[in-house]
$ cat structure-v6.cif   # mmCIF, C-alpha atoms
data_upload
#
loop_
_atom_site.label_atom_id
_atom_site.label_comp_id
_atom_site.auth_asym_id
_atom_site.auth_seq_id
_atom_site.Cartn_x
_atom_site.Cartn_y
_atom_site.Cartn_z
CA MET A 1 156.10 35.10 56.43
CA LYS A 2 154.85 32.93 59.26
CA THR A 3 157.55 33.09 61.88
CA ARG A 4 155.83 33.24 65.28
CA ARG A 5 157.34 30.59 67.52
CA MET A 6 157.85 28.17 64.68
CA ILE A 7 159.91 26.08 67.08
CA ALA A 8 156.60 25.05 68.65
CA ALA A 9 155.87 23.05 65.53
CA THR A 10 158.72 20.65 66.33
CA LEU A 11 156.89 19.63 69.48
CA LEU A 12 153.77 18.54 67.63
CA SER A 13 153.02 14.93 66.95
CA VAL A 14 153.14 13.49 63.45
CA ALA A 15 149.40 12.96 63.64
CA GLY A 16 148.90 16.61 64.44
CA LEU A 17 151.05 17.67 61.52
CA LEU A 18 149.05 15.54 59.13
CA LEU A 19 146.03 17.63 59.99
CA THR A 20 147.51 20.53 58.04
CA ALA A 21 146.11 18.91 54.93
CA CYS A 22 142.63 19.65 56.24
CA GLY A 23 143.32 23.38 56.03
CA GLY A 24 142.01 25.84 58.56
CA GLY A 25 139.84 23.63 60.72
CA SER A 26 136.84 23.36 58.37
CA GLY A 27 134.96 20.12 58.79
CA ASP A 28 133.86 19.61 55.16
CA SER A 29 133.52 16.13 53.74
CA GLY A 30 133.01 17.35 50.18
CA ASP A 31 129.29 16.54 50.43
CA GLY A 32 126.64 18.55 52.21
CA PRO A 33 126.99 21.98 53.79
CA VAL A 34 130.17 23.88 54.51
CA THR A 35 131.07 23.58 58.19
CA LEU A 36 132.95 26.41 59.89
CA SER A 37 134.62 26.02 63.27
CA PHE A 38 134.19 28.96 65.65
CA GLN A 39 136.46 28.90 68.69
CA SER A 40 134.57 30.93 71.32
CA LEU A 41 136.10 32.13 74.58
CA SER A 42 132.84 33.31 76.16
CA ASP A 43 132.80 31.92 79.69
CA GLN A 44 129.81 33.55 81.41
CA PRO A 45 126.55 31.56 81.23
CA ALA A 46 124.56 34.47 79.78
CA ALA A 47 127.25 35.18 77.17
CA ILE A 48 127.51 31.50 76.21
CA ALA A 49 123.74 31.43 75.75
CA ALA A 50 123.81 34.63 73.68
CA THR A 51 126.58 33.22 71.48
CA GLN A 52 124.67 29.98 70.97
CA LYS A 53 121.58 31.93 69.94
CA ILE A 54 123.51 34.00 67.39
CA VAL A 55 125.07 30.87 65.91
CA GLY A 56 121.69 29.14 65.92
CA ASP A 57 120.10 32.04 64.08
CA TRP A 58 122.87 31.95 61.48
CA ASN A 59 122.61 28.19 60.99
CA LYS A 60 118.85 28.38 60.56
CA ALA A 61 119.18 31.11 57.93
CA HIS A 62 122.18 29.51 56.15
CA PRO A 63 121.61 25.77 55.70
CA ASP A 64 124.54 25.55 53.28
CA VAL A 65 127.04 27.16 55.71
CA GLN A 66 126.87 25.74 59.21
CA VAL A 67 128.89 27.12 62.11
CA LYS A 68 130.04 24.80 64.88
CA ILE A 69 131.06 26.34 68.24
CA VAL A 70 134.29 25.03 69.75
CA GLN A 71 134.06 26.15 73.37
CA ALA A 72 137.43 27.22 74.77
CA GLY A 73 138.57 29.49 77.59
CA TRP A 74 140.79 32.51 78.08
CA ASP A 75 143.46 30.74 80.11
CA GLY A 76 146.42 29.85 77.91
CA VAL A 77 144.64 30.81 74.70
CA TYR A 78 147.65 32.69 73.28
CA ASP A 79 149.92 29.63 73.40
CA LYS A 80 147.07 27.45 72.20
CA LEU A 81 146.63 29.62 69.12
CA ILE A 82 150.37 29.52 68.40
CA THR A 83 150.20 25.71 68.39
CA GLN A 84 147.03 25.66 66.29
CA PHE A 85 148.33 28.06 63.65
CA ASN A 86 151.67 26.29 63.40
CA ALA A 87 149.93 22.92 63.02
CA GLY A 88 147.41 24.19 60.47
CA THR A 89 144.56 23.25 62.84
CA ALA A 90 143.41 26.71 63.86
CA PRO A 91 139.65 27.31 63.71
CA ASP A 92 138.09 29.16 60.82
CA ILE A 93 136.81 31.90 63.15
CA VAL A 94 138.99 33.04 66.03
CA HIS A 95 137.66 34.81 69.12
CA TYR A 96 140.33 36.78 71.02
CA GLU A 97 141.22 40.40 71.84
CA ALA A 98 143.07 43.14 69.99
CA ALA A 99 146.11 43.02 72.28
CA GLY A 100 146.63 39.33 71.55
CA ILE A 101 145.56 39.01 67.94
CA ALA A 102 147.80 41.69 66.40
CA PRO A 103 150.97 39.53 66.43
CA PHE A 104 149.18 36.78 64.53
CA ALA A 105 148.20 39.31 61.89
CA THR A 106 151.79 40.50 61.62
CA ASP A 107 152.92 36.91 61.13
CA GLY A 108 150.45 36.43 58.28
CA TYR A 109 147.91 34.11 59.87
CA LEU A 110 144.78 36.28 59.58
CA ALA A 111 142.65 37.24 56.60
CA ASP A 112 142.15 40.88 55.64
CA LEU A 113 138.47 41.55 56.39
CA THR A 114 138.36 45.00 54.81
CA GLN A 115 136.59 43.82 51.66
CA TYR A 116 134.09 41.72 53.62
CA LEU A 117 132.94 44.27 56.21
CA PRO A 118 130.60 46.83 54.64
CA GLU A 119 131.70 50.45 54.68
CA ALA A 120 128.61 51.28 56.72
CA LYS A 121 129.81 48.94 59.45
CA ARG A 122 133.36 50.23 59.42
CA SER A 123 132.11 53.79 59.68
CA ASP A 124 129.94 52.71 62.64
CA ILE A 125 133.08 51.77 64.57
CA PRO A 126 134.78 54.70 66.39
CA LYS A 127 138.25 55.46 65.04
CA GLY A 128 140.06 54.44 68.21
CA VAL A 129 138.41 51.03 68.12
CA LEU A 130 138.95 50.53 64.40
CA ASP A 131 142.61 51.47 64.83
CA SER A 132 142.95 48.67 67.39
CA VAL A 133 142.03 46.03 64.79
CA THR A 134 143.95 47.51 61.85
CA VAL A 135 147.43 46.19 61.08
CA ASP A 136 149.45 47.51 58.14
CA GLY A 137 146.32 49.13 56.74
CA LYS A 138 144.30 45.89 56.88
CA VAL A 139 141.30 45.24 59.12
CA ILE A 140 142.32 41.94 60.66
CA ALA A 141 139.44 41.53 63.10
CA ALA A 142 135.94 42.76 63.84
CA PRO A 143 135.56 44.20 67.36
CA THR A 144 132.78 42.65 69.44
CA GLU A 145 132.99 43.89 73.05
CA LEU A 146 134.72 46.65 74.98
CA GLN A 147 135.66 47.00 78.63
CA SER A 148 136.09 50.33 80.38
CA TYR A 149 137.21 51.20 83.90
CA VAL A 150 134.45 52.72 85.99
CA VAL A 151 133.76 53.66 89.60
CA PHE A 152 131.19 51.62 91.51
CA ALA A 153 129.91 53.40 94.63
CA ASN A 154 127.91 52.49 97.72
CA LYS A 155 125.19 55.09 97.38
CA THR A 156 124.22 54.90 101.05
CA GLN A 157 127.76 55.58 102.28
CA LEU A 158 128.16 58.57 100.00
CA GLN A 159 124.87 60.03 101.18
CA GLN A 160 125.72 59.43 104.83
CA ALA A 161 128.98 61.33 104.31
CA GLY A 162 127.09 64.28 102.87
CA VAL A 163 128.53 63.73 99.40
CA THR A 164 126.59 64.99 96.41
CA ILE A 165 126.61 62.07 94.01
CA PRO A 166 128.12 63.27 90.70
CA THR A 167 125.98 63.35 87.61
CA GLY A 168 126.61 64.49 84.07
CA ALA A 169 128.78 63.37 81.20
CA SER A 170 131.93 62.81 83.29
CA MET A 171 133.60 63.38 86.64
CA THR A 172 137.20 64.36 87.27
CA TRP A 173 139.79 62.36 89.11
CA ASP A 174 140.01 65.27 91.56
CA GLN A 175 136.31 64.76 92.30
CA LEU A 176 136.98 61.09 92.96
CA ARG A 177 139.80 62.05 95.31
CA ASP A 178 137.58 64.49 97.20
CA ILE A 179 134.79 61.93 97.57
CA ALA A 180 137.29 59.33 98.77
CA LYS A 181 138.53 61.75 101.44
CA ALA A 182 135.00 62.59 102.54
CA THR A 183 134.02 58.93 102.94
CA THR A 184 137.19 57.88 104.77
CA LYS A 185 136.12 57.87 108.42
CA ASP A 186 135.29 55.62 111.34
CA GLY A 187 137.69 52.92 110.20
CA LYS A 188 136.26 52.84 106.71
CA PHE A 189 137.97 53.90 103.49
CA GLY A 190 136.74 55.91 100.54
CA LEU A 191 138.22 53.69 97.83
CA GLY A 192 139.39 50.18 97.12
CA TRP A 193 141.27 49.43 93.90
CA GLY A 194 142.63 45.99 93.13
CA LEU A 195 146.03 46.81 91.69
CA SER A 196 148.01 43.61 92.11
CA SER A 197 148.45 43.76 88.31
CA PRO A 198 148.24 47.51 87.68
CA THR A 199 149.78 47.85 84.23
CA ALA A 200 146.64 47.23 82.19
CA ALA A 201 144.66 49.86 84.09
CA PHE A 202 147.42 52.48 84.09
CA VAL A 203 148.10 52.06 80.37
CA ALA A 204 144.42 52.01 79.42
CA LEU A 205 143.61 55.14 81.46
CA ALA A 206 146.72 57.13 80.48
CA PRO A 207 145.08 58.76 77.41
CA GLY A 208 142.83 60.67 79.80
CA PHE A 209 145.97 62.53 80.88
CA GLY A 210 147.53 62.73 77.43
CA GLY A 211 149.73 59.69 78.03
CA LYS A 212 150.45 57.13 75.31
CA TYR A 213 153.58 55.26 76.46
CA PHE A 214 154.56 53.99 73.00
CA ASP A 215 155.49 55.43 69.62
CA GLY A 216 156.07 53.21 66.63
CA THR A 217 155.17 49.58 66.09
CA GLY A 218 156.68 46.14 66.31
CA ASP A 219 160.39 45.94 67.10
CA LYS A 220 160.78 49.66 66.37
CA ALA A 221 158.37 50.80 69.10
CA GLN A 222 159.85 53.28 71.57
CA LEU A 223 158.67 53.84 75.16
CA SER A 224 158.70 57.16 76.98
CA VAL A 225 157.29 57.84 80.45
CA GLY A 226 156.43 61.49 80.95
CA GLN A 227 153.85 63.54 82.79
CA GLY A 228 150.88 61.97 81.02
CA GLU A 229 152.03 58.45 81.84
CA GLN A 230 152.95 59.31 85.45
CA ALA A 231 149.79 61.27 86.34
CA LEU A 232 147.59 58.37 87.40
CA PRO A 233 150.18 56.32 89.32
CA GLN A 234 151.14 59.48 91.21
CA LEU A 235 147.49 60.22 91.99
CA VAL A 236 146.96 56.72 93.36
CA ASP A 237 150.13 57.10 95.43
CA ALA A 238 148.87 60.40 96.86
CA MET A 239 145.47 58.96 97.72
CA ALA A 240 147.03 55.92 99.35
CA HIS A 241 149.88 57.53 101.28
CA GLN A 242 148.93 61.19 101.76
CA ASP A 243 145.15 61.06 102.02
CA HIS A 244 145.08 57.50 103.38
CA SER A 245 141.76 57.12 101.59
CA ILE A 246 142.52 53.83 99.80
CA LEU A 247 142.17 50.57 101.73
CA PRO A 248 145.86 49.49 101.68
CA VAL A 249 145.31 45.76 101.22
CA THR A 250 143.41 46.32 97.96
CA LEU A 251 146.56 47.63 96.29
CA THR A 252 147.90 44.08 96.49
CA GLN A 253 144.67 42.34 95.49
CA SER A 254 142.94 41.52 92.24
CA GLY A 255 139.94 43.58 91.24
CA THR A 256 137.58 40.75 92.09
CA LYS A 257 139.05 40.40 95.61
CA ALA A 258 138.44 44.12 96.16
CA LEU A 259 134.70 43.55 95.81
CA ALA A 260 134.46 41.81 99.19
CA PRO A 261 135.22 44.95 101.25
CA PHE A 262 132.89 46.88 98.96
CA TYR A 263 130.01 44.54 99.79
CA ALA A 264 130.95 44.69 103.47
CA GLY A 265 130.80 48.49 103.60
CA GLN A 266 134.51 48.75 104.39
CA ILE A 267 135.04 50.89 101.29
CA ALA A 268 132.63 53.37 99.73
CA MET A 269 133.87 53.04 96.14
CA THR A 270 135.87 50.71 93.96
CA VAL A 271 137.43 51.10 90.50
CA GLN A 272 136.68 48.04 88.41
CA GLY A 273 136.31 46.82 84.88
CA SER A 274 132.80 47.63 83.72
CA TYR A 275 131.97 43.94 83.35
CA GLN A 276 131.83 43.67 87.16
CA ALA A 277 128.37 45.24 86.99
CA ALA A 278 126.99 41.79 86.21
CA ASN A 279 128.76 40.25 89.22
CA ILE A 280 127.71 43.05 91.56
CA ALA A 281 124.09 42.74 90.47
CA LYS A 282 124.27 39.00 91.16
CA ASP A 283 126.45 38.84 94.27
CA ALA A 284 125.87 42.04 96.28
CA PRO A 285 124.01 41.60 99.58
CA LYS A 286 120.27 42.10 99.56
CA GLY A 287 119.42 45.79 99.85
CA PHE A 288 122.92 46.92 98.80
CA ASP A 289 122.30 50.27 97.08
CA TRP A 290 125.01 50.77 94.47
CA VAL A 291 125.55 53.12 91.57
CA VAL A 292 128.08 53.61 88.78
CA LEU A 293 129.54 57.12 88.82
CA PRO A 294 130.07 59.11 85.59
CA PRO A 295 133.13 58.30 83.43
CA LEU A 296 136.43 59.47 84.87
CA ALA A 297 138.10 62.36 83.06
CA GLY A 298 141.70 63.47 83.36
CA SER A 299 143.30 66.64 82.02
CA ALA A 300 142.73 65.38 78.45
CA GLY A 301 139.15 64.21 79.01
CA PRO A 302 137.49 60.82 79.60
CA ALA A 303 139.45 58.91 76.95
CA GLN A 304 140.44 55.28 77.53
CA ALA A 305 142.57 53.11 75.26
CA ALA A 306 140.52 50.60 73.29
CA ASN A 307 141.36 46.89 73.54
CA PRO A 308 138.21 45.16 72.30
CA GLN A 309 137.41 41.49 72.11
CA THR A 310 137.53 40.45 68.48
CA LEU A 311 136.58 37.94 65.83
CA SER A 312 139.15 37.13 63.13
CA VAL A 313 139.25 34.73 60.20
CA ASN A 314 142.00 32.21 59.69
CA LYS A 315 143.73 33.11 56.41
CA ASP A 316 144.24 29.41 55.64
CA SER A 317 140.57 28.54 56.08
CA GLN A 318 139.09 26.77 53.08
CA HIS A 319 136.16 29.17 53.34
CA VAL A 320 137.43 32.65 54.15
CA LYS A 321 134.50 34.37 52.43
CA GLU A 322 131.84 32.39 54.31
CA ALA A 323 133.67 32.84 57.63
CA ALA A 324 133.89 36.59 57.03
CA GLU A 325 130.19 36.70 56.24
CA PHE A 326 129.46 35.02 59.57
CA VAL A 327 131.65 37.59 61.34
CA ASP A 328 129.64 40.34 59.65
CA PHE A 329 126.43 38.65 60.82
CA PHE A 330 127.72 38.21 64.38
CA THR A 331 128.56 41.92 64.58
CA SER A 332 125.17 43.22 63.51
CA THR A 333 123.68 45.92 65.72
CA GLU A 334 121.17 43.51 67.26
CA ASN A 335 123.70 40.78 67.96
CA LEU A 336 126.33 43.11 69.43
CA ALA A 337 123.71 44.61 71.75
CA ALA A 338 122.71 41.14 72.92
CA ILE A 339 126.21 39.79 73.56
CA ASN A 340 127.33 42.94 75.37
CA GLU A 341 124.24 43.00 77.57
CA ALA A 342 124.96 39.38 78.48
CA ASP A 343 128.60 40.15 79.36
CA ALA A 344 127.92 43.61 80.91
CA LEU A 345 130.32 45.09 78.38
CA ILE A 346 130.13 47.93 75.86
CA PRO A 347 129.28 47.47 72.17
CA PRO A 348 132.11 48.66 69.90
CA THR A 349 129.77 50.19 67.33
CA THR A 350 127.89 53.44 67.80
CA SER A 351 124.59 51.95 66.64
CA ALA A 352 124.73 48.96 69.01
CA ARG A 353 125.76 51.14 71.96
CA LYS A 354 122.80 53.46 71.29
CA ALA A 355 120.44 50.51 70.94
CA LEU A 356 121.58 49.08 74.26
CA ALA A 357 121.39 52.51 75.91
CA THR A 358 117.78 52.82 74.79
CA LYS A 359 116.89 49.36 76.05
CA LEU A 360 118.62 49.69 79.43
CA ALA A 361 118.06 53.39 80.16
CA GLY A 362 117.77 53.89 83.90
CA LYS A 363 118.81 50.34 84.77
CA ASN A 364 121.35 50.37 87.59
CA GLY A 365 124.81 51.19 86.28
CA TRP A 366 124.16 50.96 82.56
CA ASP A 367 123.83 54.66 81.72
CA ALA A 368 127.29 55.44 83.10
CA ILE A 369 128.88 52.25 81.76
CA LEU A 370 127.70 52.93 78.22
CA ALA A 371 128.69 56.60 78.53
CA SER A 372 132.22 55.45 79.41
CA GLY A 373 132.38 53.79 75.99
CA GLU A 374 131.79 57.01 74.10
CA HIS A 375 135.44 58.08 74.02
CA PRO A 376 137.63 55.10 73.03
CA THR A 377 141.01 56.15 71.72
CA SER A 378 143.82 54.41 69.89
CA ALA A 379 146.02 52.15 71.97
CA PRO A 380 149.66 52.31 70.77
CA TYR A 381 150.70 49.55 73.18
CA LEU A 382 148.71 47.01 71.15
CA PHE A 383 151.31 47.20 68.39
CA ALA A 384 154.48 47.35 70.47
CA GLY A 385 156.12 44.02 69.71
CA LYS A 386 157.31 43.06 73.20
CA TYR A 387 154.54 44.74 75.18
CA ALA A 388 153.28 41.54 76.83
CA GLN A 389 156.78 40.60 77.99
CA TRP A 390 157.45 44.14 79.23
CA LYS A 391 154.11 44.24 81.04
CA ASP A 392 154.73 41.02 82.96
CA THR A 393 158.47 41.19 83.65
CA VAL A 394 159.10 44.93 83.94
CA ALA A 395 156.06 47.15 84.34
CA THR A 396 153.98 45.24 86.87
CA PRO A 397 156.89 44.72 89.32
CA ALA A 398 157.92 48.38 88.91
CA TYR A 399 154.41 49.68 89.58
CA GLN A 400 154.12 47.39 92.60
CA GLN A 401 157.37 48.80 93.98
CA PHE A 402 156.16 52.34 93.37
CA LEU A 403 152.80 51.77 95.07
CA GLY A 404 154.67 50.12 97.93
CA GLN A 405 156.87 53.26 98.22
CA LYS A 406 160.05 51.35 97.50
CA ILE A 407 160.90 53.62 94.55
CA ASP A 408 159.88 57.17 93.70
CA ALA A 409 158.40 58.56 90.47
CA ALA A 410 161.81 59.08 88.89
CA GLY A 411 162.80 55.53 89.77
CA LEU A 412 159.56 54.23 88.29
CA ALA A 413 160.13 56.04 84.99
CA LYS A 414 163.70 54.76 84.81
CA GLN A 415 162.71 51.16 85.47
CA LEU A 416 159.95 51.28 82.87
CA GLU A 417 162.11 52.84 80.16
CA ASP A 418 165.28 50.84 80.87
CA GLY A 419 163.22 47.67 81.09
CA TRP A 420 161.70 48.32 77.67
CA LYS A 421 165.14 48.80 76.14
CA SER A 422 166.22 45.52 77.66
CA VAL A 423 163.27 43.37 76.50
CA SER A 424 163.07 44.94 73.05
CA LYS A 425 166.68 44.37 72.06
#
$ encode --input "structure-v6.cif" --output "structure tokens"
Amino acid sequence: MKTRRMIAATLLSVAGLLLTACGGGSGDSGDGPVTLSFQSLSDQPAAIAATQKIVGDWNKAHPDVQVKIVQAGWDGVYDKLITQFNAGTAPDIVHYEAAGIAPFATDGYLADLTQYLPEAKRSDIPKGVLDSVTVDGKVIAAPTELQSYVVFANKTQLQQAGVTIPTGASMTWDQLRDIAKATTKDGKFGLGWGLSSPTAAFVALAPGFGGKYFDGTGDKAQLSVGQGEQALPQLVDAMAHQDHSILPVTLTQSGTKALAPFYAGQIAMTVQGSYQAANIAKDAPKGFDWVVLPPLAGSAGPAQAANPQTLSVNKDSQHVKEAAEFVDFFTSTENLAAINEADALIPPTTSARKALATKLAGKNGWDAILASGEHPTSAPYLFAGKYAQWKDTVATPAYQQFLGQKIDAAGLAKQLEDGWKSVSK
């Protein structure tokens, strides 16, 4: 039953409500081709161009089913979708991410794509990624792009410090700590990590230490904070306050802000979302010699929780089958390789990742970035009903207090667990 924020519907105008008769945003007049609306959130010029090419290729090959891009943005998209679904004006094809789309599936707004995505494609998606778009046994979205957390390093600074630059399939967090110590000298720091909003990174990287945070789904999800969940925050605390190898101001900055001291040579390394490779390639000073280090591995390996960008189909679309066929087309090996290259992200299918690895082998950063996408694991937090509220109102303030040494590890665990009990009542 569709229950998500139904009160929002009372705020809609009568004209908006009348649009429900149109059903699912399709622009059909009854004559001519079927028109499907595709609300795209791509906001980088290269990704917008890649999306337009994919849609253009589809439209050329399918004159009877035309797709129209509705360009949107990430800011406020969750509330926008709530309004659209309640008004019956949601697009036929919805671009979002697993963490945001799951509640709409639970509320019955999204079509089950299982029958429309070939078995070969589903088997091409690693289990952890497929789990992220499966709700109640139904595939409610096709994954399109993945982000990982990687270490960008100033190659010159590491060499000047006598550091052997790691190679191989992965590197340990202890190796990162040792390199950060070795490159902290002469007023410069080994690491900068923008952790003003640390929850996403800590939750995503916890599987590398065996951490999962949540058990169960929806309103029945339970939170526990044990050794696996505490390992990374405690490591960051030790690096910042025992080793003094993290530039302190970066702990209160966004990831993007932490790039400035990286470019300036004030820090030798920075942990960032993999997509920053595109920005570094574009914005780094001339002659800046940078490298992406191998994927970080904790005690349980290099696993990271998967939260891919996604394409879903509006269940109330007049043309669910045609929309699903477009989604299948969009997520072909060739198209996924193209869109992820444009966004400096990681394809969510094994075939597309291998295709991109072959094309970009040896290109600065790409080998390590794509290797970091080899071990996506299930992300229980995606299906915890009040995760977003807990993240913003409980977890982020608690982590900030911990990194600021205002509470200890025991106090952090208590705040996180008690806070979950409070918001999930």
$ closest_residue --input "structure-v6.cif" --among "A:Glu145, A:Leu232, A:Tyr381, A:Ala99" --to "A:Ala337" --atoms "only C-alpha atoms"
A:Glu145
$ resolve_selection --input "structure-v6.cif" --expression "the PyMOL selection byres ((chain A and resi 314-325) around 6)" --output "JSON list (two decimals) with C-alpha atoms, in the coordinates of the input"
[["chain", "number", "residue", "atom", "x", "y", "z"],
["A", 23, "GLY", "CA", 143.32, 23.38, 56.03],
["A", 24, "GLY", "CA", 142.01, 25.84, 58.56],
["A", 92, "ASP", "CA", 138.09, 29.16, 60.82],
["A", 109, "TYR", "CA", 147.91, 34.11, 59.87],
["A", 110, "LEU", "CA", 144.78, 36.28, 59.58],
["A", 111, "ALA", "CA", 142.65, 37.24, 56.60],
["A", 313, "VAL", "CA", 139.25, 34.73, 60.20],
["A", 326, "PHE", "CA", 129.46, 35.02, 59.57],
["A", 327, "VAL", "CA", 131.65, 37.59, 61.34],
["A", 328, "ASP", "CA", 129.64, 40.34, 59.65]]
$ resolve_selection --input "structure-v6.cif" --expression "the PyMOL selection byres ((chain A and resi 209) around 10)" --output "ChimeraX atom specification"
/A:205-208,210-212,227-232,297-304
$ write_last_selection --input "structure-v6.cif" --atoms "C-alpha atoms" --output "PDB file, in the coordinates of the input"
ATOM      1  CA  LEU A 205     143.610  55.140  81.460  1.00  0.00           C
ATOM      2  CA  ALA A 206     146.720  57.130  80.480  1.00  0.00           C
ATOM      3  CA  PRO A 207     145.080  58.760  77.410  1.00  0.00           C
ATOM      4  CA  GLY A 208     142.830  60.670  79.800  1.00  0.00           C
ATOM      5  CA  GLY A 210     147.530  62.730  77.430  1.00  0.00           C
ATOM      6  CA  GLY A 211     149.730  59.690  78.030  1.00  0.00           C
ATOM      7  CA  LYS A 212     150.450  57.130  75.310  1.00  0.00           C
ATOM      8  CA  GLN A 227     153.850  63.540  82.790  1.00  0.00           C
ATOM      9  CA  GLY A 228     150.880  61.970  81.020  1.00  0.00           C
ATOM     10  CA  GLU A 229     152.030  58.450  81.840  1.00  0.00           C
ATOM     11  CA  GLN A 230     152.950  59.310  85.450  1.00  0.00           C
ATOM     12  CA  ALA A 231     149.790  61.270  86.340  1.00  0.00           C
ATOM     13  CA  LEU A 232     147.590  58.370  87.400  1.00  0.00           C
ATOM     14  CA  ALA A 297     138.100  62.360  83.060  1.00  0.00           C
ATOM     15  CA  GLY A 298     141.700  63.470  83.360  1.00  0.00           C
ATOM     16  CA  SER A 299     143.300  66.640  82.020  1.00  0.00           C
ATOM     17  CA  ALA A 300     142.730  65.380  78.450  1.00  0.00           C
ATOM     18  CA  GLY A 301     139.150  64.210  79.010  1.00  0.00           C
ATOM     19  CA  PRO A 302     137.490  60.820  79.600  1.00  0.00           C
ATOM     20  CA  ALA A 303     139.450  58.910  76.950  1.00  0.00           C
ATOM     21  CA  GLN A 304     140.440  55.280  77.530  1.00  0.00           C
TER      22      GLN A 304
END
$ atom_distance --input "structure-v6.cif" --atom1 "atom CA of A:Val271" --atom2 "atom CA of A:Val150"
5.6 Å
$ atom_distance --input "structure-v6.cif" --atom1 "atom CA of A:Asn59" --atom2 "atom CA of A:Gly32"
13.6 Å
$ closest_residue --input "structure-v6.cif" --among "A:Gln159, A:Thr333, A:Thr183, A:Gln234" --to "A:Gln405" --atoms "all atoms listed in the file"
A:Gln234
$ closest_atom_pairs --input "structure-v6.cif" --of "stretch 157-182 of chain A" --to "stretch 244-260 of chain A" --cutoff "9 Å" --atoms "only C-alpha atoms" --output "tab-separated table"
residue	atom	partner	partner_atom	distance
A:Arg177	CA	A:Ser245	CA	8.2
A:Ala180	CA	A:Ser245	CA	5.7
A:Lys181	CA	A:Ser245	CA	5.6
A:Ala182	CA	A:Ser245	CA	8.7
$ closest_residue --input "structure-v6.cif" --among "A:Ser378, A:Asp219, A:Thr331, A:Ala240" --to "A:Val55" --atoms "all atoms listed in the file"
A:Thr331
$ residues_around --input "structure-v6.cif" --residues "A:Met269" --least-positions-apart "5" --cutoff "8 Å" --atoms "only C-alpha atoms" --output "PyMOL selection string"
chain A and resi 151-154+180+190-192+262
$ write_last_selection --input "structure-v6.cif" --atoms "C-alpha atoms" --output "PDB file, keeping the file's coordinate frame"
ATOM      1  CA  VAL A 151     133.760  53.660  89.600  1.00  0.00           C
ATOM      2  CA  PHE A 152     131.190  51.620  91.510  1.00  0.00           C
ATOM      3  CA  ALA A 153     129.910  53.400  94.630  1.00  0.00           C
ATOM      4  CA  ASN A 154     127.910  52.490  97.720  1.00  0.00           C
ATOM      5  CA  ALA A 180     137.290  59.330  98.770  1.00  0.00           C
ATOM      6  CA  GLY A 190     136.740  55.910 100.540  1.00  0.00           C
ATOM      7  CA  LEU A 191     138.220  53.690  97.830  1.00  0.00           C
ATOM      8  CA  GLY A 192     139.390  50.180  97.120  1.00  0.00           C
ATOM      9  CA  PHE A 262     132.890  46.880  98.960  1.00  0.00           C
TER      10      PHE A 262
END
